[in-house]
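Chemist: My file is data22.pdb. It has PDB, C-alpha atoms:
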```
ATOM      1  CA  MET A  13       0.000   0.000   0.000
ATOM      2  CA  GLU A  14       1.312   3.419  -0.954
ATOM      3  CA  ILE A  15       1.119   5.802   2.022
ATOM      4  CA  GLU A  16       1.064   9.547   1.456
ATOM      5  CA  THR A  17       3.954  10.995   3.462
ATOM      6  CA  THR A  18       4.239  14.583   2.277
ATOM      7  CA  TYR A  19       1.312  16.229   4.035
ATOM      8  CA  PRO A  20       2.881  19.411   5.418
ATOM      9  CA  ILE A  21       1.492  21.029   8.546
ATOM     10  CA  ALA A  22       2.102  24.745   8.917
ATOM     11  CA  GLU A  23       3.418  26.059  12.237
ATOM     12  CA  LYS A  24       0.247  28.142  12.534
ATOM     13  CA  LEU A  25      -1.899  24.979  12.436
ATOM     14  CA  ILE A  26       0.293  23.216  14.979
ATOM     15  CA  LYS A  27      -0.095  26.173  17.344
ATOM     16  CA  LYS A  28      -3.866  26.084  16.773
ATOM     17  CA  MET A  29      -3.950  22.366  17.619
ATOM     18  CA  ILE A  30      -1.983  23.005  20.814
ATOM     19  CA  ARG A  31      -4.165  25.970  21.792
ATOM     20  CA  VAL A  32      -7.374  24.013  21.190
ATOM     21  CA  ALA A  33      -6.049  20.964  23.061
ATOM     22  CA  LYS A  34      -5.016  23.121  26.029
ATOM     23  CA  GLN A  35      -8.525  24.608  26.227
ATOM     24  CA  THR A  36     -10.050  21.174  26.921
ATOM     25  CA  ARG A  37      -8.069  20.638  30.134
ATOM     26  CA  LYS A  38     -10.929  21.775  32.349
ATOM     27  CA  ASN A  39     -13.128  19.059  30.821
ATOM     28  CA  ALA A  40     -10.853  16.099  31.615
ATOM     29  CA  PHE A  41     -12.586  13.436  33.664
ATOM     30  CA  SER A  42      -9.578  12.069  35.519
ATOM     31  CA  ILE A  43     -11.174  10.807  38.732
ATOM     32  CA  ARG A  44      -8.725   7.979  39.225
ATOM     33  CA  SER A  45      -5.284   9.400  38.438
ATOM     34  CA  MET A  46      -6.041  13.146  38.461
ATOM     35  CA  HIS A  47      -3.816  13.190  35.359
ATOM     36  CA  LYS A  48      -5.376  15.455  32.729
ATOM     37  CA  VAL A  49      -4.403  14.954  29.096
ATOM     38  CA  TRP A  50      -5.837  16.966  26.233
ATOM     39  CA  ALA A  51      -5.901  16.196  22.552
ATOM     40  CA  SER A  52      -6.861  17.670  19.211
ATOM     41  CA  VAL A  53      -7.193  16.196  15.750
ATOM     42  CA  LEU A  54      -6.397  18.109  12.557
ATOM     43  CA  MET A  55      -8.500  17.272   9.529
ATOM     44  CA  ALA A  56      -7.566  17.703   5.860
ATOM     45  CA  ASP A  57      -9.820  20.799   5.610
ATOM     46  CA  TRP A  58      -7.906  22.313   8.603
ATOM     47  CA  THR A  59     -10.801  21.777  11.013
ATOM     48  CA  VAL A  60      -9.553  21.035  14.535
ATOM     49  CA  ILE A  61     -11.574  18.737  16.797
ATOM     50  CA  TRP A  62     -10.676  18.256  20.460
ATOM     51  CA  TRP A  63     -11.339  16.179  23.551
ATOM     52  CA  CYS A  64      -9.726  15.035  26.778
ATOM     53  CA  ASN A  65      -9.121  11.798  28.627
ATOM     54  CA  VAL A  66     -12.062  10.085  30.349
ATOM     55  CA  GLU A  67     -11.238   7.748  33.226
ATOM     56  CA  SER A  68     -13.206   5.158  35.147
ATOM     57  CA  LYS A  69     -12.830   3.825  38.666
ATOM     58  CA  ILE A  70     -12.579   0.403  37.022
ATOM     59  CA  THR A  71      -9.024  -0.258  35.805
ATOM     60  CA  GLY A  72      -8.842  -0.569  32.034
ATOM     61  CA  LEU A  73     -12.149   1.134  31.269
ATOM     62  CA  TRP A  74     -10.783   4.617  30.658
ATOM     63  CA  THR A  75     -10.156   6.215  27.292
ATOM     64  CA  CYS A  76      -7.105   8.260  26.418
ATOM     65  CA  ALA A  77      -7.524  11.788  25.098
ATOM     66  CA  GLU A  78      -6.264  10.823  21.638
ATOM     67  CA  ARG A  79      -8.915   8.155  21.149
ATOM     68  CA  CYS A  80     -11.609  10.428  22.618
ATOM     69  CA  ALA A  81     -10.643  13.197  20.176
ATOM     70  CA  ILE A  82     -10.736  10.820  17.211
ATOM     71  CA  ASP A  83     -14.089   9.425  18.329
ATOM     72  CA  ASN A  84     -15.410  12.979  18.738
ATOM     73  CA  SER A  85     -14.189  13.735  15.215
ATOM     74  CA  ILE A  86     -16.040  10.736  13.800
ATOM     75  CA  ALA A  87     -19.184  11.664  15.756
ATOM     76  CA  ASN A  88     -18.979  15.102  14.090
ATOM     77  CA  TRP A  89     -18.628  13.697  10.559
ATOM     78  CA  GLU A  90     -14.914  14.492  10.436
ATOM     79  CA  TYR A  91     -13.046  11.500   9.011
ATOM     80  CA  ASP A  92     -10.134  12.974   7.064
ATOM     81  CA  ILE A  93      -7.439  12.883   9.793
ATOM     82  CA  VAL A  94      -4.054  14.500   9.128
ATOM     83  CA  ALA A  95      -2.543  14.821  12.633
ATOM     84  CA  VAL A  96      -3.232  14.059  16.288
ATOM     85  CA  CYS A  97      -1.875  16.353  19.000
ATOM     86  CA  THR A  98      -1.682  15.683  22.747
ATOM     87  CA  ILE A  99      -0.792  18.148  25.452
ATOM     88  CA  ASP A 100       0.134  17.222  28.995
ATOM     89  CA  SER A 101       1.592  19.128  31.915
ATOM     90  CA  LYS A 102       4.927  17.576  30.946
ATOM     91  CA  PHE A 103       5.997  15.870  27.746
ATOM     92  CA  THR A 104       4.223  12.503  27.554
ATOM     93  CA  PRO A 105       4.364  10.323  24.443
ATOM     94  CA  THR A 106       1.220   8.802  22.964
ATOM     95  CA  CYS A 107       0.588   5.288  24.330
ATOM     96  CA  GLY A 108       0.812   2.175  22.185
ATOM     97  CA  ALA A 109      -2.943   1.530  22.275
ATOM     98  CA  CYS A 110      -3.627   5.009  20.868
ATOM     99  CA  LEU A 111      -0.919   4.647  18.230
ATOM    100  CA  GLN A 112      -2.456   1.353  17.153
ATOM    101  CA  TYR A 113      -5.929   2.959  17.049
ATOM    102  CA  ILE A 114      -4.557   5.762  14.850
ATOM    103  CA  MET A 115      -2.842   3.156  12.636
ATOM    104  CA  LEU A 116      -6.219   1.907  11.410
ATOM    105  CA  PHE A 117      -7.121   5.394  10.167
ATOM    106  CA  SER A 118      -3.688   5.738   8.578
ATOM    107  CA  GLN A 119      -4.347   2.544   6.651
ATOM    108  CA  ILE A 120      -7.865   3.533   5.637
ATOM    109  CA  LEU A 121      -6.835   7.029   4.530
ATOM    110  CA  GLU A 122      -3.562   5.794   3.006
ATOM    111  CA  ARG A 123      -1.882   8.685   4.768
ATOM    112  CA  GLU A 124       1.014   8.996   7.173
ATOM    113  CA  ILE A 125      -0.661  10.643  10.165
ATOM    114  CA  ARG A 126       1.485  13.038  12.167
ATOM    115  CA  ILE A 127       1.671  12.696  15.940
ATOM    116  CA  ILE A 128       2.374  15.891  17.875
ATOM    117  CA  ASN A 129       3.192  15.571  21.584
ATOM    118  CA  GLY A 130       3.644  18.689  23.638
ATOM    119  CA  ASP A 131       3.541  20.284  27.051
ATOM    120  CA  VAL A 132       1.820  23.339  28.521
ATOM    121  CA  ARG A 133       4.886  25.501  27.811
ATOM    122  CA  TRP A 134       4.352  25.164  24.033
ATOM    123  CA  HIS A 135       7.250  22.731  23.570
ATOM    124  CA  TYR A 136       6.383  19.941  21.170
ATOM    125  CA  LYS A 137       7.764  17.146  19.023
ATOM    126  CA  ILE A 138       6.348  15.937  15.719
ATOM    127  CA  HIS A 139       6.688  12.359  14.549
ATOM    128  CA  THR A 140       5.088  10.259  11.885
ATOM    129  CA  LEU A 141       2.995   7.359  13.057
ATOM    130  CA  SER A 142       5.414   4.956  11.354
ATOM    131  CA  GLU A 143       8.320   6.359  13.354
ATOM    132  CA  LEU A 144       6.515   5.713  16.636
ATOM    133  CA  LEU A 145       4.941   2.393  15.664
ATOM    134  CA  PRO A 146       7.102   0.892  12.893
ATOM    135  CA  ASP A 147       5.866  -2.658  13.393
ATOM    136  CA  GLY A 148       2.278  -1.904  14.330
ATOM    137  CA  TYR A 149      -0.501  -4.260  13.346
ATOM    138  CA  ARG A 150      -1.873  -3.536   9.901
ATOM    139  CA  THR A 151      -5.189  -5.130   9.146
ATOM    140  CA  SER A 152      -6.261  -6.642   5.872
ATOM    141  CA  THR A 153      -9.638  -7.819   7.135
ATOM    142  CA  ASP A 154     -12.381  -5.591   5.703
ATOM    143  CA  LEU A 155      -9.830  -2.887   4.837
ATOM    144  CA  GLU A 156     -11.289  -2.211   1.393
ATOM    145  CA  ALA A 157     -14.808  -1.979   2.848
ATOM    146  CA  MET A 158     -13.564   0.480   5.500
ATOM    147  CA  LYS A 159     -11.805   2.578   2.841
ATOM    148  CA  LYS A 160     -14.993   2.689   0.768
ATOM    149  CA  TYR A 161     -17.070   3.635   3.829
ATOM    150  CA  ILE A 162     -14.749   6.466   4.895
ATOM    151  CA  LYS A 163     -14.448   7.814   1.332
ATOM    152  CA  GLN A 164     -18.255   7.815   1.114
ATOM    153  CA  LYS A 165     -18.538   9.679   4.446
ATOM    154  CA  ILE A 166     -15.954  12.258   3.362
ATOM    155  CA  ALA A 167     -17.808  12.772   0.063
ATOM    156  CA  GLU A 168     -21.130  13.178   1.924
ATOM    157  CA  LYS A 169     -19.597  15.748   4.265
ATOM    158  CA  ASN A 170     -18.071  17.677   1.361
ATOM    159  CA  LYS A 171     -21.501  17.902  -0.313
ATOM    160  CA  LYS A 172     -22.957  19.708   2.711
TER     161      LYS A 172
END
```
Give the structure from the file, written as structure tokens.
Modeler:
Amino acid sequence: MEIETTYPIAEKLIKKMIRVAKQTRKNAFSIRSMHKVWASVLMADWTVIWWCNVESKITGLWTCAERCAIDNSIANWEYDIVAVCTIDSKFTPTCGACLQYIMLFSQILEREIRIINGDVRWHYKIHTLSELLPDGYRTSTDLEAMKKYIKQKIAEKNKK
């Protein structure tokens, strides 16, 4: 599969992603760890969608900010993911589960999704998903059906 790797992200958009992610901090539901993580997702039309982590008192039933932001994007008819940004009080890399979740969208979109990790002082690092998860699981099951579905959803959104 040919993956698009040359999707540039302007500094202005990165700053917007960080600013939007930082604004969601007050919404974090971190009742177990009190650790608040914020995320934003950049779409191909430069829309930025955001969310925060949501924890549970039951171990394993929480959702990281990255996955929440992607799910919020999908719920808002935004499928065309270009980058995912997380902001924490200190630099914290994206976890393996989130990277693997993002990998599915990378496969479907045939695009190298950028991962931006930063802190509250506006310091950040940008990586490609392949750099952070070089040997991640890549599905073949129903991949063509998922590609068709997402392309249809993007086309429907663009008609609006």
Chemist: Extract, using all atoms listed in the file, all DNA, RNA and protein residues at most 10 Å from A:Met158, discarding same-chain residues fewer than 2 positions from it, and format them as a ChimeraX atom specification.
Modeler: /A:116-117,119-121,153-156,160-164
Chemist: What does the PyMOL selection byres ((chain A and resi 57) around 10) select in this file, as a list in words?
Modeler: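 So the PyMOL selection byres ((chain A and resi 57) around 10), applied here, picks out Leu54, Met55, Ala56, Trp58, Thr59, Val60, Glu90, Asp92, Ile93, Val94 and Asn170 of chain A.
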Chemist: List the residues selected by the PyMOL selection byres ((chain A and resi 135-150) around 9) in the file shown, writing them as an MDAnalysis selection string.
Modeler: chainID A and resid 17 30 95 97 99 103 106 108 111:112 114:116 118:119 124:134 151:152
Chemist: Convert the current residue selection to file output with C-alpha atoms, as a PDB file, keeping the file's coordinate frame.
Modeler:
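Listing of selection_38.pdb after writing:
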```pdb
ATOM      1  CA  THR A  17       3.954  10.995   3.462  1.00  0.00           C
ATOM      2  CA  ILE A  30      -1.983  23.005  20.814  1.00  0.00           C
ATOM      3  CA  ALA A  95      -2.543  14.821  12.633  1.00  0.00           C
ATOM      4  CA  CYS A  97      -1.875  16.353  19.000  1.00  0.00           C
ATOM      5  CA  ILE A  99      -0.792  18.148  25.452  1.00  0.00           C
ATOM      6  CA  PHE A 103       5.997  15.870  27.746  1.00  0.00           C
ATOM      7  CA  THR A 106       1.220   8.802  22.964  1.00  0.00           C
ATOM      8  CA  GLY A 108       0.812   2.175  22.185  1.00  0.00           C
ATOM      9  CA  LEU A 111      -0.919   4.647  18.230  1.00  0.00           C
ATOM     10  CA  GLN A 112      -2.456   1.353  17.153  1.00  0.00           C
ATOM     11  CA  ILE A 114      -4.557   5.762  14.850  1.00  0.00           C
ATOM     12  CA  MET A 115      -2.842   3.156  12.636  1.00  0.00           C
ATOM     13  CA  LEU A 116      -6.219   1.907  11.410  1.00  0.00           C
ATOM     14  CA  SER A 118      -3.688   5.738   8.578  1.00  0.00           C
ATOM     15  CA  GLN A 119      -4.347   2.544   6.651  1.00  0.00           C
ATOM     16  CA  GLU A 124       1.014   8.996   7.173  1.00  0.00           C
ATOM     17  CA  ILE A 125      -0.661  10.643  10.165  1.00  0.00           C
ATOM     18  CA  ARG A 126       1.485  13.038  12.167  1.00  0.00           C
ATOM     19  CA  ILE A 127       1.671  12.696  15.940  1.00  0.00           C
ATOM     20  CA  ILE A 128       2.374  15.891  17.875  1.00  0.00           C
ATOM     21  CA  ASN A 129       3.192  15.571  21.584  1.00  0.00           C
ATOM     22  CA  GLY A 130       3.644  18.689  23.638  1.00  0.00           C
ATOM     23  CA  ASP A 131       3.541  20.284  27.051  1.00  0.00           C
ATOM     24  CA  VAL A 132       1.820  23.339  28.521  1.00  0.00           C
ATOM     25  CA  ARG A 133       4.886  25.501  27.811  1.00  0.00           C
ATOM     26  CA  TRP A 134       4.352  25.164  24.033  1.00  0.00           C
ATOM     27  CA  THR A 151      -5.189  -5.130   9.146  1.00  0.00           C
ATOM     28  CA  SER A 152      -6.261  -6.642   5.872  1.00  0.00           C
TER      29      SER A 152
END
```
Chemist: Using Å and a single decimal, report how far atom CA of A:Trp62 sits from atom CA of A:Ala22.
Modeler: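 Going from atom CA of A:Ala22 over to atom CA of A:Trp62 covers 18.4 Å.
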Chemist: Run through the PyMOL selection byres ((chain A and resi 43) around 8) on the given coordinates and return the selected residues as a list in words.
Modeler: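 Selection result, ordered by chain and number: Phe41, Ser42, Arg44, Ser45, Met46, Glu67, Ser68 and Lys69 of chain A.
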Chemist: Mind writing the picked residues with C-alpha atoms as a PDB file, in the frame of the given file?
Modeler:
```pdb
ATOM      1  CA  PHE A  41     -12.586  13.436  33.664  1.00  0.00           C
ATOM      2  CA  SER A  42      -9.578  12.069  35.519  1.00  0.00           C
ATOM      3  CA  ARG A  44      -8.725   7.979  39.225  1.00  0.00           C
ATOM      4  CA  SER A  45      -5.284   9.400  38.438  1.00  0.00           C
ATOM      5  CA  MET A  46      -6.041  13.146  38.461  1.00  0.00           C
ATOM      6  CA  GLU A  67     -11.238   7.748  33.226  1.00  0.00           C
ATOM      7  CA  SER A  68     -13.206   5.158  35.147  1.00  0.00           C
ATOM      8  CA  LYS A  69     -12.830   3.825  38.666  1.00  0.00           C
TER       9      LYS A  69
END
```
Chemist: Which polymer residues have any atom within 8 Å of an atom of A:Val49, counting all atoms listed in the file, with same-chain residues fewer than 3 positions away left out, as a ChimeraX atom specification?
Modeler: /A:37,40,64-65,76-77,98-101
Chemist: For the atom pair atom CA of A:Val96 and atom CA of A:His47, what is the interatomic distance in Å to one decimal place?
Modeler: 19.1 Å
Chemist: Which of these, A:Leu25, A:Cys110, A:Tyr91, A:Ile166, has the shortest distance to A:Glu78 once you count all atoms listed in the file?
Modeler: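 Counting all atoms listed in the file, the residue closest to A:Glu78 is A:Cys110.
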